[in-house]
Structure formats: C-alpha cells, structure tokens
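The structure file model_13.csv is reproduced below (CSV, C-alpha atoms).
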```
chain,number,residue,atom,x,y,z
T,1,MET,CA,-5.1,61.0,130.3
T,2,LYS,CA,-7.7,63.2,128.7
T,3,LYS,CA,-7.9,65.3,131.9
T,4,LEU,CA,-4.1,65.6,132.2
T,5,THR,CA,-3.7,66.5,128.6
T,6,LEU,CA,-6.4,69.2,128.8
T,7,THR,CA,-4.8,70.6,131.9
T,8,VAL,CA,-1.4,70.6,130.3
T,9,ALA,CA,-2.9,72.3,127.2
T,10,LEU,CA,-4.5,75.0,129.4
T,11,VAL,CA,-1.3,75.6,131.2
T,12,ALA,CA,0.6,75.9,127.9
T,13,LEU,CA,-2.0,78.4,126.6
T,14,THR,CA,-1.8,80.5,129.7
T,15,LEU,CA,2.0,80.6,129.5
T,16,GLY,CA,1.7,81.5,125.8
T,17,ILE,CA,-0.6,84.5,126.7
T,18,ASN,CA,1.8,85.7,129.4
T,19,ALA,CA,4.8,85.3,127.1
T,20,GLN,CA,3.2,87.3,124.4
T,21,THR,CA,2.1,90.0,126.8
T,22,LEU,CA,5.7,90.0,128.0
T,23,ASN,CA,6.8,90.5,124.4
T,24,VAL,CA,5.0,93.9,124.3
T,25,GLN,CA,6.5,94.9,127.7
T,26,SER,CA,10.0,93.8,126.6
T,27,ALA,CA,9.6,95.7,123.3
T,28,ILE,CA,8.7,98.8,125.2
T,29,GLN,CA,11.7,98.5,127.5
T,30,ASP,CA,14.0,97.8,124.6
T,31,LEU,CA,12.7,100.9,122.8
T,32,LYS,CA,13.3,103.1,125.8
T,33,LYS,CA,16.9,101.7,126.0
T,34,GLY,CA,17.5,102.2,122.3
T,35,TYR,CA,17.8,98.4,121.5
T,36,LEU,CA,15.8,98.7,118.3
T,37,ASN,CA,16.8,95.3,116.9
T,38,LYS,CA,15.5,93.6,120.1
T,39,ALA,CA,12.4,95.8,120.2
T,40,LYS,CA,11.6,94.9,116.6
T,41,GLU,CA,11.9,91.2,117.3
T,42,GLU,CA,9.7,91.4,120.4
T,43,ILE,CA,7.0,93.6,118.8
T,44,ASP,CA,6.8,91.6,115.6
T,45,LYS,CA,5.9,88.5,117.7
T,46,ALA,CA,3.3,90.4,119.6
T,47,CYS,CA,1.7,91.7,116.4
T,48,GLU,CA,1.2,88.2,115.1
T,49,HIS,CA,0.0,86.5,118.3
T,50,GLU,CA,-3.7,86.0,118.9
T,51,SER,CA,-3.6,87.4,122.4
T,52,THR,CA,-2.0,90.7,121.5
T,53,LYS,CA,-2.6,91.4,117.8
T,54,ASN,CA,-6.0,93.0,118.5
T,55,ASP,CA,-4.6,95.3,121.3
T,56,ALA,CA,-4.2,99.0,120.5
T,57,LYS,CA,-1.1,99.2,122.7
T,58,THR,CA,0.7,96.6,120.7
T,59,TRP,CA,0.2,98.5,117.5
T,60,CYS,CA,1.0,101.9,119.1
T,61,TYR,CA,4.4,100.6,120.1
T,62,ALA,CA,4.9,98.8,116.8
T,63,ALA,CA,4.4,102.2,115.1
T,64,MET,CA,6.7,103.9,117.5
T,65,ILE,CA,9.4,101.3,117.1
T,66,TYR,CA,9.3,101.3,113.3
T,67,GLY,CA,9.3,105.1,113.3
T,68,GLN,CA,12.4,105.1,115.5
T,69,ILE,CA,14.0,102.6,113.2
T,70,GLY,CA,13.4,105.0,110.4
T,71,GLY,CA,14.8,107.9,112.4
T,72,GLU,CA,18.0,106.0,113.3
T,73,SER,CA,18.5,104.6,109.8
T,74,THR,CA,18.8,108.1,108.3
T,75,LYS,CA,21.9,108.9,110.4
T,76,ALA,CA,25.2,108.8,108.7
T,77,LYS,CA,26.8,106.2,111.0
T,78,SER,CA,23.9,104.0,112.2
T,79,LYS,CA,24.0,100.4,113.1
T,80,TYR,CA,20.3,100.2,112.2
T,81,LYS,CA,20.6,101.2,108.5
T,82,ASN,CA,19.6,97.8,107.3
T,83,LEU,CA,17.2,96.8,110.1
T,84,ASP,CA,14.1,97.1,108.0
T,85,ALA,CA,13.9,98.8,104.6
T,86,ASN,CA,10.1,98.9,104.8
T,87,TRP,CA,10.0,100.8,108.1
T,88,LEU,CA,8.0,103.7,106.7
T,89,GLU,CA,5.1,101.6,105.4
T,90,LYS,CA,5.1,99.4,108.5
T,91,ALA,CA,5.0,102.4,110.9
T,92,TYR,CA,2.1,103.9,108.9
T,93,ASN,CA,0.1,100.6,108.8
T,94,ALA,CA,0.8,100.0,112.5
T,95,ALA,CA,-0.5,103.6,113.4
T,96,LEU,CA,-3.6,103.0,111.3
T,97,ARG,CA,-4.3,99.7,113.1
T,98,CYS,CA,-3.8,101.4,116.5
T,99,LYS,CA,-6.2,104.1,115.6
T,100,GLU,CA,-8.8,101.5,114.5
T,101,LEU,CA,-8.4,99.6,117.8
T,102,ASP,CA,-8.0,102.5,120.1
T,103,THR,CA,-11.7,103.3,120.7
T,104,ASP,CA,-11.0,105.1,123.9
T,105,ASN,CA,-8.3,107.2,122.4
T,106,GLU,CA,-5.9,106.0,125.1
T,107,TYR,CA,-2.9,106.0,122.7
T,108,ALA,CA,-4.0,108.9,120.4
T,109,ASP,CA,-1.3,111.3,121.4
T,110,LYS,CA,1.5,108.8,120.9
T,111,ASN,CA,0.0,107.5,117.7
T,112,ASN,CA,-0.5,111.0,116.2
T,113,SER,CA,3.2,111.7,116.8
T,114,VAL,CA,4.0,108.7,114.6
T,115,PHE,CA,1.5,109.9,112.0
T,116,ARG,CA,3.2,113.3,111.9
T,117,TYR,CA,6.7,111.7,111.7
T,118,VAL,CA,5.7,109.3,108.9
T,119,GLY,CA,3.7,112.0,107.1
T,120,ASN,CA,6.6,114.4,107.2
T,121,GLU,CA,8.9,111.6,105.8
T,122,TYR,CA,6.5,111.0,102.9
T,123,TYR,CA,6.2,114.8,102.3
T,124,THR,CA,10.0,115.3,102.4
T,125,ARG,CA,10.5,112.5,99.9
T,126,ALA,CA,7.8,114.1,97.7
T,127,VAL,CA,9.6,117.5,97.9
T,128,THR,CA,12.9,115.8,96.9
T,129,SER,CA,11.3,114.0,94.0
T,130,PHE,CA,9.7,117.2,92.8
T,131,ASN,CA,12.6,119.6,93.2
T,132,ASP,CA,15.7,117.5,92.7
T,133,GLU,CA,14.6,114.6,90.6
T,134,LYS,CA,11.7,116.1,88.6
T,135,ASP,CA,9.9,112.8,89.1
T,136,TYR,CA,6.4,114.3,89.4
T,137,LYS,CA,4.6,111.0,89.4
T,138,LYS,CA,6.6,109.7,92.4
T,139,ALA,CA,6.3,113.1,94.1
T,140,LEU,CA,2.5,112.9,93.7
T,141,GLU,CA,2.3,109.4,95.1
T,142,ASP,CA,4.2,110.4,98.3
T,143,ALA,CA,2.4,113.7,98.6
T,144,ASP,CA,-0.9,111.8,98.4
T,145,LYS,CA,0.2,109.4,101.2
T,146,ALA,CA,1.2,112.4,103.3
T,147,ILE,CA,-2.2,114.0,102.8
T,148,LYS,CA,-4.0,110.8,104.1
T,149,ILE,CA,-1.6,110.5,107.0
T,150,PHE,CA,-1.9,114.2,108.1
T,151,ASN,CA,-5.7,114.0,107.8
T,152,ASN,CA,-5.6,110.9,110.1
T,153,SER,CA,-3.7,112.9,112.7
T,154,GLY,CA,-5.8,116.0,112.3
T,155,ASP,CA,-2.9,118.2,111.2
T,156,LYS,CA,-4.6,120.5,108.8
T,157,LYS,CA,-1.7,122.8,108.1
T,158,PHE,CA,0.6,119.9,107.2
T,159,ALA,CA,-2.1,118.3,105.1
T,160,ASP,CA,-2.7,121.6,103.3
T,161,ASP,CA,1.0,121.7,102.4
T,162,ALA,CA,0.8,118.2,101.0
T,163,TYR,CA,-2.4,119.0,99.0
T,164,TYR,CA,-0.5,122.0,97.5
T,165,LEU,CA,2.5,120.0,96.5
T,166,ALA,CA,0.3,117.3,94.9
T,167,GLY,CA,-1.5,120.0,92.9
T,168,LEU,CA,1.8,121.4,91.7
T,169,CYS,CA,2.7,117.9,90.6
T,170,GLY,CA,-0.4,117.8,88.5
T,171,LYS,CA,0.4,121.2,87.1
T,172,ALA,CA,3.9,120.1,86.2
T,173,MET,CA,2.5,117.0,84.4
T,174,LYS,CA,-0.1,119.2,82.6
T,175,ASP,CA,-2.9,117.1,84.1
T,176,ASN,CA,-5.8,119.4,84.9
T,177,GLU,CA,-7.9,116.7,86.5
T,178,THR,CA,-5.1,116.0,89.0
T,179,VAL,CA,-4.6,119.7,89.7
T,180,MET,CA,-8.3,120.2,90.4
T,181,SER,CA,-8.6,117.1,92.6
T,182,TYR,CA,-6.0,118.6,95.0
T,183,PHE,CA,-6.5,122.3,94.6
T,184,LYS,CA,-10.2,122.4,94.9
T,185,PRO,CA,-10.1,120.9,98.4
T,186,LEU,CA,-7.7,123.7,99.3
T,187,VAL,CA,-10.2,126.3,98.3
T,188,ARG,CA,-12.8,124.6,100.5
T,189,ARG,CA,-10.2,124.6,103.3
T,190,LYS,CA,-9.8,128.4,102.9
T,191,THR,CA,-6.2,128.4,101.7
T,192,ASP,CA,-4.4,131.7,101.2
T,193,LYS,CA,-2.1,130.4,98.4
T,194,THR,CA,-2.5,132.6,95.3
T,195,GLU,CA,-1.1,129.9,93.1
T,196,VAL,CA,-4.1,127.7,93.9
T,197,TYR,CA,-6.7,130.2,92.8
T,198,ASN,CA,-4.8,131.5,89.8
T,199,THR,CA,-4.2,128.0,88.5
T,200,LEU,CA,-7.8,126.9,88.9
T,201,PHE,CA,-9.1,130.2,87.4
T,202,ASN,CA,-6.9,129.7,84.3
T,203,ILE,CA,-8.2,126.2,83.9
T,204,TYR,CA,-11.8,127.4,84.0
T,205,LYS,CA,-10.9,130.3,81.7
T,206,ALA,CA,-9.4,127.9,79.1
T,207,GLN,CA,-12.5,125.7,79.3
T,208,SER,CA,-14.7,128.8,78.9
T,209,ASP,CA,-16.4,127.8,82.1
T,210,THR,CA,-17.6,131.3,83.3
T,211,VAL,CA,-19.8,129.8,86.0
T,212,GLU,CA,-17.0,127.9,87.8
T,213,ALA,CA,-14.6,130.8,87.2
T,214,MET,CA,-17.0,133.2,89.0
T,215,LYS,CA,-17.6,130.7,91.9
T,216,LEU,CA,-13.8,130.4,92.3
T,217,ALA,CA,-13.4,134.2,92.3
T,218,ASN,CA,-16.1,134.5,95.0
T,219,HIS,CA,-14.4,131.9,97.2
T,220,TYR,CA,-11.0,133.6,96.7
T,221,LEU,CA,-12.4,137.0,97.7
T,222,LYS,CA,-14.3,135.6,100.6
T,223,ASN,CA,-11.3,133.6,101.9
T,224,CYS,CA,-8.7,136.4,101.3
T,225,PRO,CA,-10.7,139.8,101.3
T,226,ASN,CA,-7.5,141.9,101.7
T,227,ASP,CA,-5.5,140.2,99.0
T,228,TYR,CA,-5.2,142.3,95.8
T,229,ASN,CA,-4.9,139.1,93.8
T,230,ALA,CA,-8.3,138.1,94.9
T,231,SER,CA,-9.8,141.4,93.7
T,232,LEU,CA,-7.8,140.9,90.4
T,233,THR,CA,-9.3,137.4,90.0
T,234,MET,CA,-12.8,138.8,90.6
T,235,ALA,CA,-12.1,141.5,88.0
T,236,GLN,CA,-11.1,138.9,85.4
T,237,ALA,CA,-14.1,136.7,86.3
T,238,ASN,CA,-16.5,139.6,85.7
T,239,LEU,CA,-14.8,140.6,82.5
T,240,LEU,CA,-15.0,137.0,81.3
T,241,ARG,CA,-18.7,136.9,81.7
T,242,GLY,CA,-19.2,140.3,80.1
T,243,ASP,CA,-19.8,142.5,83.1
T,244,ILE,CA,-17.3,145.2,82.1
T,245,ASP,CA,-18.3,147.8,84.6
T,246,ARG,CA,-18.0,145.4,87.6
T,247,GLY,CA,-14.8,144.0,86.1
T,248,LEU,CA,-13.2,147.5,85.9
T,249,GLU,CA,-14.4,148.3,89.3
T,250,MET,CA,-12.7,145.3,90.8
T,251,LEU,CA,-9.6,145.9,88.7
T,252,ASN,CA,-9.2,149.3,90.2
T,253,GLN,CA,-9.8,147.9,93.6
T,254,ALA,CA,-7.0,145.4,93.1
T,255,VAL,CA,-4.6,148.2,92.0
T,256,ASP,CA,-5.5,150.3,95.1
T,257,GLN,CA,-5.0,147.4,97.5
T,258,SER,CA,-1.5,146.9,96.2
T,259,LYS,CA,-0.4,150.5,96.8
T,260,THR,CA,1.1,149.7,100.3
T,261,ASP,CA,3.9,147.7,98.7
T,262,PRO,CA,5.7,149.7,95.9
T,263,ASN,CA,7.0,146.5,94.2
T,264,LYS,CA,3.5,144.9,94.2
T,265,TYR,CA,1.9,148.1,93.0
T,266,THR,CA,4.4,148.3,90.1
T,267,GLN,CA,3.6,144.7,89.1
T,268,MET,CA,-0.2,145.2,89.6
T,269,LEU,CA,-0.3,148.2,87.3
T,270,GLY,CA,1.3,146.0,84.6
T,271,ALA,CA,-1.0,143.1,85.2
T,272,ALA,CA,-4.1,145.4,85.1
T,273,ALA,CA,-2.8,147.0,81.9
T,274,SER,CA,-2.5,143.5,80.2
T,275,ILE,CA,-6.0,142.7,81.2
T,276,LEU,CA,-7.3,146.0,79.8
T,277,GLU,CA,-5.4,145.4,76.6
T,278,ASN,CA,-7.2,142.0,76.2
T,279,TYR,CA,-10.5,143.8,76.2
T,280,GLY,CA,-9.5,146.5,73.8
T,281,ARG,CA,-9.1,149.3,76.4
T,282,TYR,CA,-5.8,150.5,74.9
T,283,GLU,CA,-5.7,154.0,76.2
T,284,GLU,CA,-6.4,152.8,79.8
T,285,ALA,CA,-3.9,150.0,79.4
T,286,GLU,CA,-1.2,152.3,78.1
T,287,GLN,CA,-1.8,154.7,81.0
T,288,LYS,CA,-1.2,151.9,83.5
T,289,PHE,CA,1.8,150.6,81.7
T,290,GLN,CA,3.3,154.1,81.7
T,291,GLU,CA,2.5,154.6,85.4
T,292,SER,CA,4.3,151.3,86.1
T,293,LEU,CA,7.3,152.4,84.1
T,294,LYS,CA,7.5,155.7,86.1
T,295,LEU,CA,8.0,153.6,89.2
T,296,ASP,CA,10.5,151.2,87.6
T,297,PRO,CA,11.7,152.3,84.2
T,298,ASP,CA,14.1,149.4,83.7
T,299,GLN,CA,11.7,146.5,84.4
T,300,PHE,CA,11.0,143.9,81.8
T,301,ALA,CA,7.2,143.3,82.3
T,302,ALA,CA,5.8,146.7,81.6
T,303,ASN,CA,8.4,147.5,78.8
T,304,PHE,CA,7.6,144.2,77.1
T,305,GLY,CA,3.9,144.5,77.7
T,306,LEU,CA,3.6,148.0,76.3
T,307,GLY,CA,5.9,147.2,73.4
T,308,HIS,CA,3.9,144.1,72.6
T,309,MET,CA,0.6,145.9,72.8
T,310,ILE,CA,1.7,148.7,70.5
T,311,TYR,CA,3.3,146.2,68.1
T,312,ASN,CA,0.0,144.2,68.0
T,313,ARG,CA,-1.9,147.3,67.2
T,314,GLY,CA,0.5,147.9,64.3
T,315,VAL,CA,-0.1,144.4,63.1
T,316,ASP,CA,-3.9,145.0,63.3
T,317,LYS,CA,-3.6,148.2,61.3
T,318,LEU,CA,-1.4,146.5,58.7
T,319,SER,CA,-4.0,143.6,58.3
T,320,ALA,CA,-6.7,146.2,57.9
T,321,ALA,CA,-4.6,148.0,55.2
T,322,ASN,CA,-4.2,144.7,53.3
T,323,GLU,CA,-8.0,144.2,53.4
T,324,VAL,CA,-8.5,147.4,51.4
T,325,PRO,CA,-9.5,146.7,47.8
T,326,LEU,CA,-6.9,147.4,45.2
T,327,ASP,CA,-9.2,149.8,43.3
T,328,ASP,CA,-9.9,151.9,46.4
T,329,GLU,CA,-9.1,155.5,45.7
T,330,THR,CA,-9.9,157.0,49.1
T,331,GLY,CA,-6.4,156.7,50.4
T,332,LEU,CA,-7.5,154.4,53.1
T,333,ASN,CA,-4.7,151.9,52.4
T,334,GLU,CA,-2.0,154.6,52.7
T,335,LYS,CA,-3.6,155.9,55.9
T,336,LEU,CA,-3.8,152.5,57.6
T,337,THR,CA,-0.2,151.7,56.5
T,338,ALA,CA,1.1,155.0,57.9
T,339,GLU,CA,-0.7,154.3,61.2
T,340,SER,CA,0.7,150.8,61.3
T,341,ASN,CA,4.2,152.0,60.8
T,342,ASP,CA,3.7,154.6,63.5
T,343,PHE,CA,2.7,151.9,66.0
T,344,PHE,CA,5.7,149.8,64.9
T,345,ARG,CA,8.0,152.8,65.4
T,346,GLN,CA,6.6,153.5,68.9
T,347,SER,CA,7.2,149.9,70.0
T,348,ILE,CA,11.0,150.0,69.4
T,349,GLN,CA,12.0,151.8,72.5
T,350,TYR,CA,10.0,149.4,74.8
T,351,PHE,CA,11.4,146.2,73.1
T,352,ASN,CA,14.9,147.6,73.4
T,353,ALA,CA,14.4,148.5,77.1
T,354,ALA,CA,13.1,144.9,77.7
T,355,ILE,CA,16.2,143.5,75.9
T,356,ARG,CA,18.5,145.7,78.0
T,357,HIS,CA,16.9,144.4,81.2
T,358,ILE,CA,17.6,140.8,80.1
T,359,ASP,CA,21.2,141.6,79.0
T,360,ASN,CA,21.8,143.1,82.4
T,361,ILE,CA,20.9,140.0,84.3
T,362,THR,CA,24.0,138.5,85.9
T,363,ASP,CA,22.7,135.2,87.2
T,364,PRO,CA,23.2,132.6,84.4
T,365,GLU,CA,20.2,130.5,85.4
T,366,GLN,CA,17.8,133.5,85.4
T,367,LYS,CA,19.3,134.6,82.1
T,368,ARG,CA,18.7,131.2,80.6
T,369,MET,CA,15.0,131.3,81.8
T,370,GLN,CA,14.6,134.6,79.9
T,371,ARG,CA,15.8,133.2,76.6
T,372,LYS,CA,12.3,132.9,75.2
T,373,ASN,CA,11.4,136.4,76.2
T,374,LEU,CA,14.6,137.6,74.6
T,375,PHE,CA,13.8,135.8,71.4
T,376,ASP,CA,10.2,137.2,71.3
T,377,CYS,CA,11.6,140.8,71.7
T,378,LEU,CA,14.2,140.2,69.0
T,379,ASN,CA,11.8,138.6,66.6
T,380,ALA,CA,9.4,141.5,67.0
T,381,LEU,CA,12.1,144.0,66.3
T,382,GLN,CA,13.2,142.0,63.3
T,383,VAL,CA,9.7,142.5,61.9
T,384,VAL,CA,9.6,146.2,62.8
T,385,TYR,CA,13.0,147.1,61.4
T,386,SER,CA,12.2,145.1,58.2
T,387,ARG,CA,8.9,146.9,57.9
T,388,LEU,CA,10.4,150.3,58.4
T,389,GLU,CA,13.3,149.5,56.2
T,390,MET,CA,15.8,150.2,59.1
T,391,TYR,CA,18.4,147.8,57.7
T,392,GLU,CA,21.4,148.9,59.7
T,393,GLU,CA,19.5,148.4,62.9
T,394,LEU,CA,18.2,145.0,61.6
T,395,LYS,CA,21.7,143.5,61.2
T,396,PRO,CA,22.6,142.9,64.8
T,397,ILE,CA,19.0,141.7,65.6
T,398,LYS,CA,19.2,139.0,62.9
T,399,ALA,CA,22.7,138.0,64.2
T,400,ARG,CA,21.4,137.6,67.8
T,401,ILE,CA,18.4,135.6,66.6
T,402,ALA,CA,20.7,133.3,64.6
T,403,GLU,CA,22.9,132.8,67.7
T,404,ILE,CA,19.9,131.8,69.8
T,405,GLN,CA,18.6,129.4,67.2
T,406,SER,CA,22.0,127.8,66.9
T,407,GLN,CA,22.0,127.0,70.6
T,408,GLN,CA,18.6,125.2,70.6
```
Please lay out the structure from this file as structure tokens.
Amino acid sequence: MKKLTLTVALVALTLGINAQTLNVQSAIQDLKKGYLNKAKEEIDKACEHESTKNDAKTWCYAAMIYGQIGGESTKAKSKYKNLDANWLEKAYNAALRCKELDTDNEYADKNNSVFRYVGNEYYTRAVTSFNDEKDYKKALEDADKAIKIFNNSGDKKFADDAYYLAGLCGKAMKDNETVMSYFKPLVRRKTDKTEVYNTLFNIYKAQSDTVEAMKLANHYLKNCPNDYNASLTMAQANLLRGDIDRGLEMLNQAVDQSKTDPNKYTQMLGAAASILENYGRYEEAEQKFQESLKLDPDQFAANFGLGHMIYNRGVDKLSAANEVPLDDETGLNEKLTAESNDFFRQSIQYFNAAIRHIDNITDPEQKRMQRKNLFDCLNALQVVYSRLEMYEELKPIKARIAEIQSQQ
C-alpha cells in the first residue's frame, strides 16, 4: 500500500507539473489569438504554482498579458474593460519579477517593451493629473513610478521626461526639496531643459547659496555651451558672488549668442537690462532696454521693465529728499524732489505703452494672466499722477484700479 500510494503521488505530482507548464503554453496561445480572459486565467495559475512561479518565461508572459489587457480596456467598445482594474500594477510587478529571474536576459526585449508601455501609461496619467486636474500630488506619484520603470528598461529619454514632470510637480506645490530631488539628477544626466537650471538657480539664489549657484552655472555651461541662457546663468552666478567684471563679460556673451534669433535677442536685451538694474548699473540697463524697444516698441517686458526701473529711481530720490533735515538750507530737498519728479514723469510713457500692450491682447485667457501686470502698471501711474498733481490723468487710472479690485 505504501509503495502504491507513493507511486500514485509521484504520478500525480508529475501530472501537476505538466499541467502547469501547459498553463503557460495555453496562456501564450490565447494571448496570440486575443483571448485575454482565457490567457489571464491560465497565466494566473502558472504564476502561483511551485513549478512555474520561479520561471522568467511565466512572468514575462504575465506582464505581456496584463499589458494587453490594459491596452484593450482603454478602447471605447471593449469586452475587456472590467477584466482587471489593477492591470497596470500587475503588469509592472510581473515585469519586475521577470527581470529578477531572467539572469540570461532571454526575455529582456519582450520585458522591456512591457516596461515602456507601463511607464508610458503612468507618465500619461501623470500628465493628465498635472494639466487637466491640477492634482500635483497624484501627478508626482505617477511620474515617480514612470521614472523607476523607464530606468529599469534603460530608456533614458523617457526617464528624463518623467524626472522633468516630477520636478514641475514639486515646483507647482512650492516644495523646493522635491524640486531638487528630481531636477538635480537631470543636471547630472546633462539635460538641455532651461527650466531645470533656472529653477534650481533661483532656489540657490533665494537661499544665498553662492557655492551651489556657481556649481550649477558651471554644469549648465558645460552641458549647453551654445545656449545663451547658460551664459546668462553664469553671469548671474558671478554677479551673485561679487565678481562683477566676469559677470558682465558673461552677460554680454549671452546677449551676443542670442543675436541669431531676433525674438530671443529682443528678450535677452530686456533680461540683461533687468540684471544690470539689480546691480545699480542704470545707464547700461537703460541702454539695453532702449535697444530692445527699438526692435519691438510695443512689447510689454521692456516697456514695463524700463518704466519700473525709472519709477524706482524716482522713489529712491523721494526717500532721500525726505531724509533731508527740516533745517537744511542748502536746497538739497528741493533738488532731490525735482529729480524724483523728473524720474516719475519719464516713467509715464513706458507704463502707458505696457498697458496698451495688455489692452491689445485678444485672447481672454492670456489677458486674464496679465491682470497682475496691468494692476502693477496702473498702481504705479496712480502714484505718479498723484505726485505730479496730474489729476485729470489720474481719474481713469483710479477707475480701472477700482474695476480690477471689484472683480477679485
């Protein structure tokens, strides 16, 4: 009896092994024929059985089957819509298990195709959450999964796109630590995305971390030697640490590099002017603002930038006038006040030009996005007209400010 029982048991075990091996083969055939419900049933059994659950082939086809389920379920009229709601996670986990078991890389190509498909699905979901739903936390979760998946498949470009989106999520959430955790790897991976370098530089600048700011600028210039934005960042880094001569040299280099594109050149002149203004180089700043306006007189940036710079100089002169002692008889107060009013008067034409630019925008969404800029221009003119006692000009300005405030 014992011998017969043992024999029967061995036969049963053998039949079990063959049956489970057959499950994999059946699943493959069903997949090829498009019978996904049957393929899923067969491969699920194989994934659980002792004889096949440690076989890379099993998990390779499990990943492919669940990936195909996902592809079919997204179609408008699909009979597989409710076959498995967790297909994405299961396809990913199966691909990971296949990679772990596939020491000879026999199934690497098939498996990597699943990684790409699954990674793209997570990335697409992240983009939708970011753009349409403004759910930056969910977008970050899916973008992070996409990064890991694309790194597993060796798809650098796709991974870089996911890193970038994850960093933008951090920026949208105003979480600098998250931004740096995704943007810094992109710097090491030699990205050419300007937003990455500019965002990191602004973080370091806000933290007064001149060392990291300079390191970043060096990476940017090394990775993108022909990009005028890289030269601009290097200029700002040098100015930030007090190397004015080197900073101005790189600033001029940035302007020169942008000359091949008239639009970029116009923008770069304005950007350079704003930087020069920050370091008190007003004459050089005005020169670049004016050069930019010669190329595009109706633009907002240079008109507002120049008007704002002149206005601020008027405010500074007025503050200095107010500091003069009441018993001063040198006429310094009157002199500074007259200089202040002159600056205020000069700023009017540029603020009005900036306002005209906004008023001429026809797209409602773009116009809405300019509301703060419009308010800033109007508010500055309100101060200027009040200071210069231009009361007739002041009336429509105050009316427009009240209208904007009533809409908030």
Among listed residues T:Tyr279, T:Trp87, T:Phe375, T:Phe343, nearest Gly242 (chain T) (using all atoms listed in the file): T:Tyr279
CA of Asp376 (chain T) to CA of Ala321 (chain T), straight-line distance in Å: 24.4 Å
With only C-alpha atoms counted, which protein, DNA or RNA residues have an atom no more than 10 Å from (5.9, 106.3, 111.4) in the file frame? Please answer as an MDAnalysis selection string. chainID T and resid 62:71 87:95 111:122 149
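You can rank T:Asn303, T:Ser181, T:Ser258, T:Gln29 by their closest distance to Ile43 (chain T) using only C-alpha atoms, and at the top of that list sits T:Gln29.
Here CA of Arg189 (chain T) stands at a distance of 8.1 Å from CA of Asp160 (chain T).
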Please provide as a PyMOL selection string all residues within 7 Å of Ala254 (chain T), with the sequence filter that same-chain residues fewer than 4 positions apart are discarded (counting all atoms listed in the file). chain T and resi 228-229+231-232+250+258
Proximity check region 246-304 of chain T to region 349-372 of chain T, 9 Å, nearest pairs one decimal Å, all atoms listed in the file, as a Markdown table:
```
| residue | atom | partner | partner_atom | distance |
| --- | --- | --- | --- | --- |
| T:Pro297 | CA | T:Ala353 | CA | 8.5 |
| T:Asp298 | CA | T:His357 | CA | 6.3 |
| T:Gln299 | CA | T:His357 | CA | 6.5 |
| T:Phe300 | CA | T:Ala354 | CA | 4.7 |
| T:Ala301 | CA | T:Ala354 | CA | 7.7 |
| T:Ala302 | CA | T:Tyr350 | CA | 8.4 |
| T:Asn303 | CA | T:Tyr350 | CA | 4.7 |
| T:Phe304 | CA | T:Ala354 | CA | 5.6 |
```
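Minimum distance to Leu140 (chain T) across T:Ala162, T:Leu83, T:Leu378, T:Ile310 (counting only C-alpha atoms) occurs at T:Ala162.
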Shell around Leu332 (chain T) at 10 Å using all atoms listed in the file, local window under 5 positions removed, as a list in words: Ala320, Ala321, Val324, Pro325, Thr337 and Ala338 of chain T
Give me the residues within 9 Å of Tyr220 (chain T) as a list in words, counting only C-alpha atoms and dropping any in the same chain fewer than 6 places off. Val187, Lys190, Thr191, Asp192, Thr194, Tyr197, Asp227, Asn229, Ala230, Ser231, Thr233 and Met234 of chain T
Any idea what's packed within 12 Å of Lys395 (chain T), counting all atoms listed in the file, ignoring anything in its chain fewer than 3 positions away? Could you give it as a ChimeraX atom specification? /T:378,381-382,385-386,389-392,398-402
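Distance annotation: of T:Leu168, T:Asp261, T:Tyr35, T:Ser340, the residue with the minimal separation from Lys79 (chain T) is T:Tyr35; atom set is only C-alpha atoms.
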Go ahead and fit an axis-aligned box to every listed atom of region 362-375 of chain T plus 8 Å each side, and pass me the centre and edge lengths in Å, one decimal, as lines of an AutoDock Vina configuration file.
```
center_x = 17.7
center_y = 134.5
center_z = 79.3
size_x = 28.6
size_y = 24.0
size_z = 31.8
```
Which residues are close to Ala271 (chain T), i.e. within 10 Å by only C-alpha atoms, leaving aside same-chain residues fewer than 6 positions away? Reply as a PyMOL selection string. chain T and resi 232+251+255+265+277+285+288-289+292+301-302+305
In Å, with one decimal, what is the gap from CA of Tyr163 (chain T) to CA of Tyr182 (chain T)? 5.4 Å
